[in-house]
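Coordinates as given in start22.txt (compact mmCIF, N, CA and C atoms):
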# COMPACT_ATOMS: atom_id res chain seq x y z
N MET C 1 -5.37 3.03 90.73
CA MET C 1 -5.75 4.40 90.99
C MET C 1 -5.04 4.83 92.27
N SER C 2 -4.36 5.97 92.22
CA SER C 2 -3.62 6.46 93.37
C SER C 2 -4.59 7.08 94.39
N ALA C 3 -4.04 7.40 95.57
CA ALA C 3 -4.87 8.01 96.60
C ALA C 3 -5.41 9.36 96.15
N ILE C 4 -4.60 10.08 95.37
CA ILE C 4 -5.05 11.38 94.86
C ILE C 4 -6.21 11.17 93.89
N GLY C 5 -6.07 10.18 93.03
CA GLY C 5 -7.13 9.89 92.08
C GLY C 5 -8.42 9.48 92.76
N MET C 6 -8.29 8.70 93.86
CA MET C 6 -9.49 8.29 94.58
C MET C 6 -10.17 9.49 95.22
N SER C 7 -9.37 10.42 95.74
CA SER C 7 -9.93 11.60 96.37
C SER C 7 -10.62 12.48 95.33
N GLU C 8 -10.00 12.59 94.17
CA GLU C 8 -10.60 13.39 93.12
C GLU C 8 -11.90 12.77 92.61
N ALA C 9 -11.97 11.43 92.64
CA ALA C 9 -13.18 10.76 92.18
C ALA C 9 -14.30 10.83 93.21
N GLY C 10 -13.98 11.30 94.41
CA GLY C 10 -14.99 11.44 95.45
C GLY C 10 -15.26 10.16 96.20
N LEU C 11 -14.33 9.20 96.15
CA LEU C 11 -14.55 7.93 96.82
C LEU C 11 -14.20 7.98 98.30
N THR C 12 -13.35 8.92 98.71
CA THR C 12 -12.96 8.99 100.10
C THR C 12 -13.71 10.05 100.89
N SER C 13 -14.49 10.87 100.22
CA SER C 13 -15.24 11.90 100.93
C SER C 13 -16.62 12.03 100.29
N GLY C 14 -17.46 12.71 100.97
CA GLY C 14 -18.77 12.96 100.41
C GLY C 14 -19.85 12.20 101.14
N LEU C 15 -20.89 11.86 100.43
CA LEU C 15 -22.09 11.28 101.02
C LEU C 15 -21.84 9.88 101.59
N PHE C 16 -20.98 9.10 100.97
CA PHE C 16 -20.80 7.71 101.38
C PHE C 16 -19.63 7.51 102.33
N ALA C 17 -19.00 8.55 102.80
CA ALA C 17 -17.90 8.43 103.75
C ALA C 17 -18.48 8.08 105.11
N ILE C 18 -18.04 6.98 105.66
CA ILE C 18 -18.55 6.52 106.96
C ILE C 18 -17.41 6.60 107.96
N GLY C 19 -17.66 7.22 109.07
CA GLY C 19 -16.67 7.34 110.12
C GLY C 19 -17.35 7.50 111.46
N PHE C 20 -16.57 7.86 112.46
CA PHE C 20 -17.11 8.07 113.79
C PHE C 20 -17.94 9.35 113.78
N PRO C 21 -19.12 9.31 114.38
CA PRO C 21 -19.97 10.51 114.38
C PRO C 21 -19.31 11.65 115.15
N GLY C 22 -19.40 12.83 114.61
CA GLY C 22 -18.84 14.01 115.25
C GLY C 22 -19.81 14.63 116.23
N MET C 23 -19.46 15.82 116.71
CA MET C 23 -20.27 16.50 117.71
C MET C 23 -21.67 16.85 117.17
N PRO C 24 -21.82 17.36 115.95
CA PRO C 24 -23.18 17.67 115.49
C PRO C 24 -24.07 16.43 115.42
N GLU C 25 -23.51 15.32 114.98
CA GLU C 25 -24.31 14.09 114.89
C GLU C 25 -24.71 13.60 116.28
N MET C 26 -23.78 13.70 117.23
CA MET C 26 -24.08 13.27 118.60
C MET C 26 -25.17 14.15 119.22
N LEU C 27 -25.13 15.44 118.95
CA LEU C 27 -26.17 16.33 119.47
C LEU C 27 -27.52 16.02 118.85
N ILE C 28 -27.55 15.67 117.58
CA ILE C 28 -28.81 15.29 116.93
C ILE C 28 -29.37 14.03 117.57
N VAL C 29 -28.51 13.04 117.82
CA VAL C 29 -28.96 11.79 118.45
C VAL C 29 -29.48 12.07 119.86
N LEU C 30 -28.78 12.91 120.61
CA LEU C 30 -29.23 13.25 121.96
C LEU C 30 -30.58 13.97 121.92
N PHE C 31 -30.74 14.88 120.98
CA PHE C 31 -32.01 15.59 120.83
C PHE C 31 -33.15 14.63 120.50
N LEU C 32 -32.89 13.69 119.58
CA LEU C 32 -33.92 12.72 119.23
C LEU C 32 -34.26 11.81 120.41
N ALA C 33 -33.26 11.44 121.19
CA ALA C 33 -33.52 10.61 122.37
C ALA C 33 -34.39 11.37 123.37
N LEU C 34 -34.11 12.66 123.54
CA LEU C 34 -34.94 13.48 124.44
C LEU C 34 -36.37 13.56 123.93
N LEU C 35 -36.55 13.68 122.63
CA LEU C 35 -37.90 13.74 122.08
C LEU C 35 -38.65 12.43 122.26
N LEU C 36 -37.94 11.32 122.03
CA LEU C 36 -38.60 10.01 122.09
C LEU C 36 -38.92 9.58 123.52
N PHE C 37 -37.96 9.74 124.42
CA PHE C 37 -38.13 9.17 125.76
C PHE C 37 -38.47 10.21 126.82
N GLY C 38 -38.22 11.47 126.57
CA GLY C 38 -38.50 12.49 127.57
C GLY C 38 -37.36 12.64 128.55
N GLY C 39 -37.30 13.80 129.15
CA GLY C 39 -36.21 14.10 130.08
C GLY C 39 -36.24 13.28 131.35
N ALA C 40 -37.41 12.85 131.77
CA ALA C 40 -37.52 12.11 133.04
C ALA C 40 -37.00 10.67 132.91
N LYS C 41 -37.22 10.04 131.77
CA LYS C 41 -36.84 8.64 131.61
C LYS C 41 -35.41 8.47 131.12
N LEU C 42 -34.83 9.49 130.50
CA LEU C 42 -33.53 9.36 129.87
C LEU C 42 -32.40 8.99 130.85
N PRO C 43 -32.31 9.61 132.04
CA PRO C 43 -31.24 9.20 132.97
C PRO C 43 -31.33 7.73 133.39
N GLY C 44 -32.53 7.25 133.61
CA GLY C 44 -32.72 5.85 133.97
C GLY C 44 -32.33 4.92 132.83
N LEU C 45 -32.66 5.30 131.60
CA LEU C 45 -32.29 4.49 130.44
C LEU C 45 -30.77 4.42 130.29
N MET C 46 -30.10 5.55 130.46
CA MET C 46 -28.64 5.57 130.34
C MET C 46 -27.98 4.77 131.46
N ARG C 47 -28.54 4.85 132.65
CA ARG C 47 -28.01 4.08 133.78
C ARG C 47 -28.13 2.59 133.50
N ASN C 48 -29.29 2.16 133.01
CA ASN C 48 -29.49 0.75 132.69
C ASN C 48 -28.60 0.30 131.55
N LEU C 49 -28.37 1.19 130.57
CA LEU C 49 -27.47 0.86 129.47
C LEU C 49 -26.05 0.65 129.98
N GLY C 50 -25.60 1.50 130.87
CA GLY C 50 -24.27 1.35 131.46
C GLY C 50 -24.14 0.07 132.27
N ARG C 51 -25.17 -0.24 133.05
CA ARG C 51 -25.15 -1.47 133.84
C ARG C 51 -25.11 -2.71 132.96
N SER C 52 -25.90 -2.69 131.88
CA SER C 52 -25.90 -3.86 130.99
C SER C 52 -24.58 -3.99 130.26
N ALA C 53 -23.93 -2.88 129.91
CA ALA C 53 -22.61 -2.94 129.27
C ALA C 53 -21.58 -3.53 130.24
N ASN C 54 -21.64 -3.11 131.50
CA ASN C 54 -20.71 -3.66 132.50
C ASN C 54 -20.96 -5.14 132.73
N GLU C 55 -22.21 -5.53 132.77
CA GLU C 55 -22.55 -6.94 132.95
C GLU C 55 -22.06 -7.78 131.77
N PHE C 56 -22.18 -7.24 130.57
CA PHE C 56 -21.70 -7.93 129.37
C PHE C 56 -20.19 -8.11 129.43
N LYS C 57 -19.46 -7.06 129.81
CA LYS C 57 -18.00 -7.15 129.93
C LYS C 57 -17.62 -8.18 130.98
N ARG C 58 -18.32 -8.16 132.11
CA ARG C 58 -18.04 -9.11 133.18
C ARG C 58 -18.31 -10.54 132.71
N GLY C 59 -19.39 -10.73 131.97
CA GLY C 59 -19.71 -12.05 131.45
C GLY C 59 -18.69 -12.54 130.45
N MET C 60 -18.18 -11.64 129.61
CA MET C 60 -17.17 -12.02 128.64
C MET C 60 -15.87 -12.41 129.33
N SER C 61 -15.49 -11.70 130.38
CA SER C 61 -14.26 -12.05 131.08
C SER C 61 -14.45 -13.34 131.89
N ASP C 62 -15.64 -13.58 132.40
CA ASP C 62 -15.90 -14.80 133.15
C ASP C 62 -15.96 -16.02 132.25
N SER C 63 -16.36 -15.86 131.00
CA SER C 63 -16.45 -17.01 130.11
C SER C 63 -15.07 -17.58 129.82
N GLY C 64 -14.04 -16.74 129.77
CA GLY C 64 -12.68 -17.23 129.58
C GLY C 64 -12.21 -18.02 130.80
N ASP C 65 -12.60 -17.59 131.99
CA ASP C 65 -12.23 -18.30 133.21
C ASP C 65 -12.93 -19.65 133.27
N ASP C 66 -14.18 -19.74 132.82
CA ASP C 66 -14.92 -21.00 132.83
C ASP C 66 -14.27 -22.03 131.93
N GLU C 67 -13.76 -21.60 130.79
CA GLU C 67 -13.11 -22.53 129.86
C GLU C 67 -11.85 -23.11 130.47
N GLU C 68 -11.07 -22.28 131.19
CA GLU C 68 -9.86 -22.76 131.83
C GLU C 68 -10.20 -23.78 132.92
N VAL C 69 -11.23 -23.50 133.69
CA VAL C 69 -11.64 -24.40 134.76
C VAL C 69 -12.12 -25.73 134.18
N SER C 70 -12.89 -25.70 133.10
CA SER C 70 -13.41 -26.93 132.52
C SER C 70 -12.27 -27.74 131.89
N GLU C 71 -11.26 -27.09 131.34
CA GLU C 71 -10.13 -27.82 130.76
C GLU C 71 -9.34 -28.54 131.84
N THR C 72 -9.10 -27.87 132.97
CA THR C 72 -8.36 -28.52 134.04
C THR C 72 -9.19 -29.65 134.66
N ALA C 73 -10.51 -29.48 134.73
CA ALA C 73 -11.37 -30.53 135.28
C ALA C 73 -11.38 -31.73 134.35
N THR C 74 -11.37 -31.51 133.05
CA THR C 74 -11.35 -32.60 132.09
C THR C 74 -10.03 -33.36 132.17
N LYS C 75 -8.93 -32.65 132.30
CA LYS C 75 -7.62 -33.29 132.40
C LYS C 75 -7.52 -34.11 133.69
N ALA C 76 -8.07 -33.58 134.78
CA ALA C 76 -8.02 -34.28 136.05
C ALA C 76 -8.88 -35.55 136.02
N SER C 77 -10.01 -35.50 135.33
CA SER C 77 -10.88 -36.67 135.28
C SER C 77 -10.31 -37.77 134.38
N LYS C 78 -9.50 -37.41 133.39
CA LYS C 78 -8.88 -38.40 132.51
C LYS C 78 -7.76 -39.14 133.22
N GLU C 79 -7.12 -38.49 134.17
CA GLU C 79 -6.01 -39.13 134.91
C GLU C 79 -6.56 -40.02 135.96
Structure rendered as structure tokens:
Amino acid sequence: MSAIGMSEAGLTSGLFAIGFPGMPEMLIVLFLALLLFGGAKLPGLMRNLGRSANEFKRGMSDSGDDEEVSETATKASKE
């Protein structure tokens, strides 16, 4: 089936098309977050989310450094 045929069959668009959420979807999510958590708690939640994302990235980059250190320590102990 060609790309045109797939489009005509509705496989590339419609209800089951999954992609990055657009502006209307993001506004709906923001509105729901405001309803659930309230305006006072939302900035603190976002701040903590950002901090945890940074900590995760830092941990992922540090885990690569730990492996290199342990490999050199293992080689040194075998000699």
Atomic distance atom CA of Ala33 of chain C - atom CA of Asn48 of chain C, expressed in Å with one decimal: 14.8 Å
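Atom pair atom N of Gly38 of chain C / atom CA of Met26 of chain C has a distance of 16.3 Å (rounded to one decimal).
Going from atom CA of Leu27 of chain C over to atom CA of Met46 of chain C, you cover 15.5 Å.
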